[in-house]
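Peer 1: Sharing a structure, written as structure tokens. Questions coming.
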Amino acid sequence: MSVQLIPFLMFDGNAKEAISFYEEALEAKVLFKETVGEGPLNPEASLTEEQKAQIAHSVLKIGATDIYASDLIPGQRLQRGNQVTICITTNDAEKARQYYEALLPGGRVLQELGEVYFSPAFGMLTDRFGVTFQIFTSKH
């Protein structure tokens, strides 16, 4: 089993601009970048072209460190605790559930832990101290 804690930067519609800035300022290398429109869309979701062009997920390598970056989900807004989150990444779904449940008391669920197209166990919560965690289980 492996576990990593990865900084996850959340932007309010300007993630593309921020990624370009970090490429220049910090010599970041973009390892992965997907827009909302490039991912599997819910056919019931009525998104504008501007929303489809927003970044759903990206991975930047700065030195030896990975950093994730994306735009907020349409309808969310920046607030205390969600601009920089910690993504706990593991390859063990049971460990992911253990972390999720351990961080939840006194906090609030942002996304229930469960299977999504990119992970067998993914969830988001804000702990009782106002820190937002994303719990991500890799498929391999």
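Residue numbers start at 1 in each chain; chains themselves are named A, B, ... in the order of the structure tokens; ligands are numbered from 1 in the order shown.
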Could you give me, as a list in words, the residues within 7 Å of Leu72 of chain A, counting only C-alpha atoms and dropping anything in the same chain fewer than 6 positions from it?

Peer 2: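 Once the nearby chain positions are removed, what remains is Met10, Phe11 and Asp12 of chain A.
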
Peer 1: Would you output that residue set with N, CA and C atoms, as a compact mmCIF listing (two decimals), in the first residue's frame?

Peer 2:
# COMPACT_ATOMS: atom_id res chain seq x y z
N MET A 10 -7.29 24.89 -6.01
CA MET A 10 -8.60 25.07 -6.63
C MET A 10 -8.74 26.52 -7.08
N PHE A 11 -9.20 26.71 -8.31
CA PHE A 11 -9.32 28.05 -8.88
C PHE A 11 -10.76 28.34 -9.28
N ASP A 12 -11.08 29.62 -9.33
CA ASP A 12 -12.43 30.07 -9.64
C ASP A 12 -12.53 30.46 -11.11

Peer 1: Excluding Ser138 of chain A and its own-chain neighbours fewer than 2 positions away, which residues fall within 10 Å of it when counting only C-alpha atoms? Please give them as a PyMOL selection string.

Peer 2: chain A and resi 89-93+118-122+136+140

Peer 1: With C-alpha atoms retained, write the just-selected residues as a short mmCIF file (atom, residue, chain, number, x, y, z; two decimals), in the first residue's frame.

Peer 2:
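Generated output (out-v8.cif):
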data_model
loop_
_atom_site.label_atom_id
_atom_site.label_comp_id
_atom_site.auth_asym_id
_atom_site.auth_seq_id
_atom_site.Cartn_x
_atom_site.Cartn_y
_atom_site.Cartn_z
CA THR A 89 -3.83 9.51 -2.52
CA THR A 90 -3.66 5.77 -1.92
CA ASN A 91 -3.98 2.59 -3.94
CA ASP A 92 -6.06 0.90 -1.22
CA ALA A 93 -9.82 1.64 -1.19
CA PHE A 118 -11.59 8.13 -12.34
CA SER A 119 -11.39 6.32 -8.99
CA PRO A 120 -12.85 3.30 -7.21
CA ALA A 121 -13.13 5.40 -4.03
CA PHE A 122 -13.16 9.21 -4.11
CA PHE A 136 -8.46 9.60 -3.89
CA HIS A 140 -3.65 0.72 -9.96
#

Peer 1: What are the DSSP strand (DSSP E) residues of chain A, as an mmCIF file with N, CA and C atoms, in the first residue's frame?

Peer 2:
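As a result, selection31.cif now contains:
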data_model
loop_
_atom_site.group_PDB
_atom_site.id
_atom_site.type_symbol
_atom_site.label_atom_id
_atom_site.label_comp_id
_atom_site.auth_asym_id
_atom_site.auth_seq_id
_atom_site.Cartn_x
_atom_site.Cartn_y
_atom_site.Cartn_z
ATOM 1 N N VAL A 3 0.772 5.691 0.176
ATOM 2 C CA VAL A 3 -0.021 6.866 0.537
ATOM 3 C C VAL A 3 0.807 8.101 0.233
ATOM 4 N N GLN A 4 0.182 9.097 -0.406
ATOM 5 C CA GLN A 4 0.814 10.384 -0.664
ATOM 6 C C GLN A 4 -0.147 11.485 -0.259
ATOM 7 N N LEU A 5 0.373 12.600 0.217
ATOM 8 C CA LEU A 5 -0.419 13.801 0.441
ATOM 9 C C LEU A 5 0.043 14.821 -0.577
ATOM 10 N N ILE A 6 -0.885 15.252 -1.437
ATOM 11 C CA ILE A 6 -0.543 16.106 -2.565
ATOM 12 C C ILE A 6 -1.331 17.409 -2.463
ATOM 13 N N PRO A 7 -0.656 18.563 -2.529
ATOM 14 C CA PRO A 7 -1.395 19.830 -2.533
ATOM 15 C C PRO A 7 -2.298 19.901 -3.761
ATOM 16 N N PHE A 8 -3.525 20.377 -3.552
ATOM 17 C CA PHE A 8 -4.496 20.502 -4.634
ATOM 18 C C PHE A 8 -4.987 21.947 -4.637
ATOM 19 N N LEU A 9 -4.645 22.664 -5.701
ATOM 20 C CA LEU A 9 -5.021 24.070 -5.824
ATOM 21 C C LEU A 9 -6.333 24.182 -6.590
ATOM 22 N N MET A 10 -7.289 24.888 -6.015
ATOM 23 C CA MET A 10 -8.603 25.067 -6.631
ATOM 24 C C MET A 10 -8.740 26.520 -7.076
ATOM 25 N N PHE A 11 -9.204 26.711 -8.310
ATOM 26 C CA PHE A 11 -9.321 28.053 -8.881
ATOM 27 C C PHE A 11 -10.757 28.344 -9.281
ATOM 28 N N LYS A 29 6.131 21.434 -15.079
ATOM 29 C CA LYS A 29 5.861 20.607 -16.256
ATOM 30 C C LYS A 29 4.438 20.070 -16.111
ATOM 31 N N VAL A 30 3.619 20.237 -17.139
ATOM 32 C CA VAL A 30 2.253 19.724 -17.105
ATOM 33 C C VAL A 30 2.288 18.249 -17.496
ATOM 34 N N LEU A 31 1.954 17.383 -16.553
ATOM 35 C CA LEU A 31 1.951 15.943 -16.800
ATOM 36 C C LEU A 31 0.595 15.472 -17.313
ATOM 37 N N PHE A 32 -0.460 16.187 -16.923
ATOM 38 C CA PHE A 32 -1.812 15.812 -17.316
ATOM 39 C C PHE A 32 -2.703 17.036 -17.204
ATOM 40 N N LYS A 33 -3.620 17.178 -18.166
ATOM 41 C CA LYS A 33 -4.594 18.270 -18.097
ATOM 42 C C LYS A 33 -5.843 17.850 -18.854
ATOM 43 N N GLU A 34 -7.000 17.944 -18.197
ATOM 44 C CA GLU A 34 -8.271 17.591 -18.814
ATOM 45 C C GLU A 34 -9.300 18.669 -18.491
ATOM 46 N N THR A 35 -10.030 19.106 -19.501
ATOM 47 C CA THR A 35 -11.103 20.067 -19.270
ATOM 48 C C THR A 35 -12.375 19.326 -18.873
ATOM 49 N N ILE A 55 -10.821 23.712 -16.316
ATOM 50 C CA ILE A 55 -9.960 22.571 -16.010
ATOM 51 C C ILE A 55 -10.632 21.677 -14.971
ATOM 52 N N ALA A 56 -10.851 20.415 -15.340
ATOM 53 C CA ALA A 56 -11.415 19.435 -14.412
ATOM 54 C C ALA A 56 -10.316 18.868 -13.513
ATOM 55 N N HIS A 57 -9.135 18.657 -14.103
ATOM 56 C CA HIS A 57 -8.007 18.131 -13.329
ATOM 57 C C HIS A 57 -6.725 18.333 -14.106
ATOM 58 N N SER A 58 -5.670 18.641 -13.386
ATOM 59 C CA SER A 58 -4.343 18.704 -13.988
ATOM 60 C C SER A 58 -3.314 18.273 -12.951
ATOM 61 N N VAL A 59 -2.187 17.799 -13.459
ATOM 62 C CA VAL A 59 -1.070 17.410 -12.606
ATOM 63 C C VAL A 59 0.152 18.166 -13.096
ATOM 64 N N LEU A 60 0.766 18.912 -12.194
ATOM 65 C CA LEU A 60 1.985 19.651 -12.498
ATOM 66 C C LEU A 60 3.125 19.040 -11.708
ATOM 67 N N LYS A 61 4.284 18.971 -12.313
ATOM 68 C CA LYS A 61 5.497 18.514 -11.619
ATOM 69 C C LYS A 61 6.388 19.730 -11.455
ATOM 70 N N ILE A 62 6.683 20.057 -10.203
ATOM 71 C CA ILE A 62 7.582 21.166 -9.886
ATOM 72 C C ILE A 62 8.724 20.552 -9.081
ATOM 73 N N THR A 65 8.092 17.379 -6.842
ATOM 74 C CA THR A 65 6.771 17.418 -6.228
ATOM 75 C C THR A 65 5.660 17.508 -7.262
ATOM 76 N N ASP A 66 4.629 16.701 -7.084
ATOM 77 C CA ASP A 66 3.422 16.823 -7.887
ATOM 78 C C ASP A 66 2.467 17.784 -7.190
ATOM 79 N N ILE A 67 1.784 18.587 -7.977
ATOM 80 C CA ILE A 67 0.730 19.471 -7.487
ATOM 81 C C ILE A 67 -0.456 19.284 -8.417
ATOM 82 N N TYR A 68 -1.628 19.146 -7.838
ATOM 83 C CA TYR A 68 -2.850 19.055 -8.626
ATOM 84 C C TYR A 68 -3.473 20.443 -8.706
ATOM 85 N N ALA A 69 -4.179 20.718 -9.799
ATOM 86 C CA ALA A 69 -4.873 21.995 -9.952
ATOM 87 C C ALA A 69 -6.118 21.788 -10.792
ATOM 88 N N SER A 70 -7.186 22.499 -10.425
ATOM 89 C CA SER A 70 -8.414 22.465 -11.211
ATOM 90 C C SER A 70 -9.246 23.695 -10.891
ATOM 91 N N ASP A 71 -10.270 23.897 -11.703
ATOM 92 C CA ASP A 71 -11.270 24.903 -11.386
ATOM 93 C C ASP A 71 -12.286 24.272 -10.443
ATOM 94 N N VAL A 84 -6.842 25.808 -1.316
ATOM 95 C CA VAL A 84 -5.761 24.825 -1.296
ATOM 96 C C VAL A 84 -6.263 23.671 -0.440
ATOM 97 N N THR A 85 -6.377 22.508 -1.049
ATOM 98 C CA THR A 85 -6.818 21.326 -0.325
ATOM 99 C C THR A 85 -5.679 20.319 -0.314
ATOM 100 N N ILE A 86 -5.838 19.312 0.498
ATOM 101 C CA ILE A 86 -4.864 18.231 0.547
ATOM 102 C C ILE A 86 -5.527 17.004 -0.061
ATOM 103 N N CYS A 87 -4.885 16.435 -1.062
ATOM 104 C CA CYS A 87 -5.396 15.220 -1.695
ATOM 105 C C CYS A 87 -4.618 14.041 -1.124
ATOM 106 N N ILE A 88 -5.315 13.228 -0.344
ATOM 107 C CA ILE A 88 -4.698 12.010 0.189
ATOM 108 C C ILE A 88 -4.894 10.923 -0.863
ATOM 109 N N THR A 89 -3.796 10.466 -1.416
ATOM 110 C CA THR A 89 -3.826 9.515 -2.519
ATOM 111 C C THR A 89 -3.301 8.169 -2.044
ATOM 112 N N THR A 90 -4.073 7.124 -2.285
ATOM 113 C CA THR A 90 -3.661 5.773 -1.917
ATOM 114 C C THR A 90 -4.097 4.809 -3.017
ATOM 115 N N ARG A 108 -17.769 18.244 7.585
ATOM 116 C CA ARG A 108 -18.928 18.134 6.702
ATOM 117 C C ARG A 108 -18.525 17.503 5.371
ATOM 118 N N VAL A 109 -19.426 16.731 4.833
ATOM 119 C CA VAL A 109 -19.217 16.018 3.571
ATOM 120 C C VAL A 109 -19.417 16.988 2.413
ATOM 121 N N LEU A 110 -18.462 17.025 1.499
ATOM 122 C CA LEU A 110 -18.600 17.784 0.257
ATOM 123 C C LEU A 110 -18.968 16.849 -0.883
ATOM 124 N N GLN A 111 -18.411 15.642 -0.847
ATOM 125 C CA GLN A 111 -18.778 14.581 -1.790
ATOM 126 C C GLN A 111 -18.608 13.264 -1.061
ATOM 127 N N GLU A 112 -19.682 12.518 -0.991
ATOM 128 C CA GLU A 112 -19.666 11.215 -0.329
ATOM 129 C C GLU A 112 -18.604 10.325 -0.968
ATOM 130 N N LEU A 113 -17.878 9.568 -0.148
ATOM 131 C CA LEU A 113 -16.877 8.646 -0.675
ATOM 132 C C LEU A 113 -17.574 7.553 -1.479
ATOM 133 N N GLY A 114 -17.124 7.360 -2.704
ATOM 134 C CA GLY A 114 -17.718 6.335 -3.548
ATOM 135 C C GLY A 114 -16.988 6.223 -4.866
ATOM 136 N N GLU A 115 -17.450 5.309 -5.689
ATOM 137 C CA GLU A 115 -16.830 5.072 -6.989
ATOM 138 C C GLU A 115 -17.230 6.174 -7.968
ATOM 139 N N VAL A 116 -16.253 6.687 -8.699
ATOM 140 C CA VAL A 116 -16.461 7.662 -9.768
ATOM 141 C C VAL A 116 -15.637 7.188 -10.970
ATOM 142 N N SER A 119 -11.889 6.913 -10.229
ATOM 143 C CA SER A 119 -11.390 6.323 -8.987
ATOM 144 C C SER A 119 -12.404 5.342 -8.412
ATOM 145 N N PRO A 120 -11.929 4.213 -7.871
ATOM 146 C CA PRO A 120 -12.852 3.298 -7.210
ATOM 147 C C PRO A 120 -13.360 3.812 -5.860
ATOM 148 N N ALA A 121 -12.688 4.813 -5.295
ATOM 149 C CA ALA A 121 -13.131 5.402 -4.027
ATOM 150 C C ALA A 121 -12.608 6.839 -3.949
ATOM 151 N N PHE A 122 -13.512 7.791 -4.161
ATOM 152 C CA PHE A 122 -13.155 9.207 -4.110
ATOM 153 C C PHE A 122 -14.209 9.939 -3.291
ATOM 154 N N GLY A 123 -13.741 10.864 -2.462
ATOM 155 C CA GLY A 123 -14.661 11.694 -1.690
ATOM 156 C C GLY A 123 -13.974 12.962 -1.246
ATOM 157 N N MET A 124 -14.777 13.937 -0.843
ATOM 158 C CA MET A 124 -14.253 15.216 -0.351
ATOM 159 C C MET A 124 -14.973 15.585 0.930
ATOM 160 N N LEU A 125 -14.224 16.146 1.861
ATOM 161 C CA LEU A 125 -14.818 16.606 3.108
ATOM 162 C C LEU A 125 -13.997 17.760 3.666
ATOM 163 N N THR A 126 -14.652 18.535 4.496
ATOM 164 C CA THR A 126 -13.956 19.569 5.257
ATOM 165 C C THR A 126 -13.950 19.108 6.706
ATOM 166 N N THR A 132 -9.945 21.273 3.935
ATOM 167 C CA THR A 132 -10.630 20.409 2.979
ATOM 168 C C THR A 132 -9.673 19.333 2.474
ATOM 169 N N PHE A 133 -10.146 18.104 2.524
ATOM 170 C CA PHE A 133 -9.389 16.947 2.051
ATOM 171 C C PHE A 133 -10.138 16.287 0.906
ATOM 172 N N GLN A 134 -9.378 15.867 -0.084
ATOM 173 C CA GLN A 134 -9.889 14.988 -1.129
ATOM 174 C C GLN A 134 -9.246 13.643 -0.879
ATOM 175 N N ILE A 135 -10.057 12.615 -0.836
ATOM 176 C CA ILE A 135 -9.549 11.258 -0.638
ATOM 177 C C ILE A 135 -9.655 10.569 -1.999
ATOM 178 N N PHE A 136 -8.515 10.150 -2.532
ATOM 179 C CA PHE A 136 -8.464 9.599 -3.889
ATOM 180 C C PHE A 136 -7.805 8.220 -3.843
ATOM 181 N N THR A 137 -8.457 7.244 -4.458
ATOM 182 C CA THR A 137 -7.879 5.911 -4.609
ATOM 183 C C THR A 137 -7.528 5.713 -6.077
#

Peer 1: For Lys52 of chain A, which of A:Gln76, A:Ala64, A:Ala28, A:Gly13 is the closest residue, counting only C-alpha atoms?

Peer 2: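 Of A:Gln76, A:Ala64, A:Ala28, A:Gly13, the one nearest Lys52 of chain A is A:Gly13, counting only C-alpha atoms.
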
Peer 1: Would you mind reading off the distance between atom CA of Ala15 of chain A and atom CA of Asn82 of chain A, one decimal, in Å?

Peer 2: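 Atom CA of Ala15 of chain A sits 14.2 Å away from atom CA of Asn82 of chain A.
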
Peer 1: Could you give me, as a count of residues only, each residue of chain A that DSSP assigns to alpha helix (DSSP H) when run on this structure's backbone?

Peer 2: 27

Peer 1: When you draw a straight line from atom CA of Ala96 of chain A to atom CA of Gly63 of chain A, how long is it in Å?

Peer 2: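 So the answer is 26.9 Å.
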
Peer 1: Identify, on the basis of only C-alpha atoms, every residue whose closest approach to Ala45 of chain A does not exceed 12 Å; exclude the query and any residue fewer than 3 positions from it along the same chain; express the result as a list in words.

Peer 2: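 Here the answer would be Val36, Gly37, Pro40, Leu41, Asn42, Thr48, Gln51, Lys52, Ile73, Pro74 and Gly75 of chain A.
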
Peer 1: Go ahead and compute the interatomic distance for atom CA of Phe129 of chain A and atom CA of Lys95 of chain A, in Å to one decimal.

Peer 2: 21.7 Å
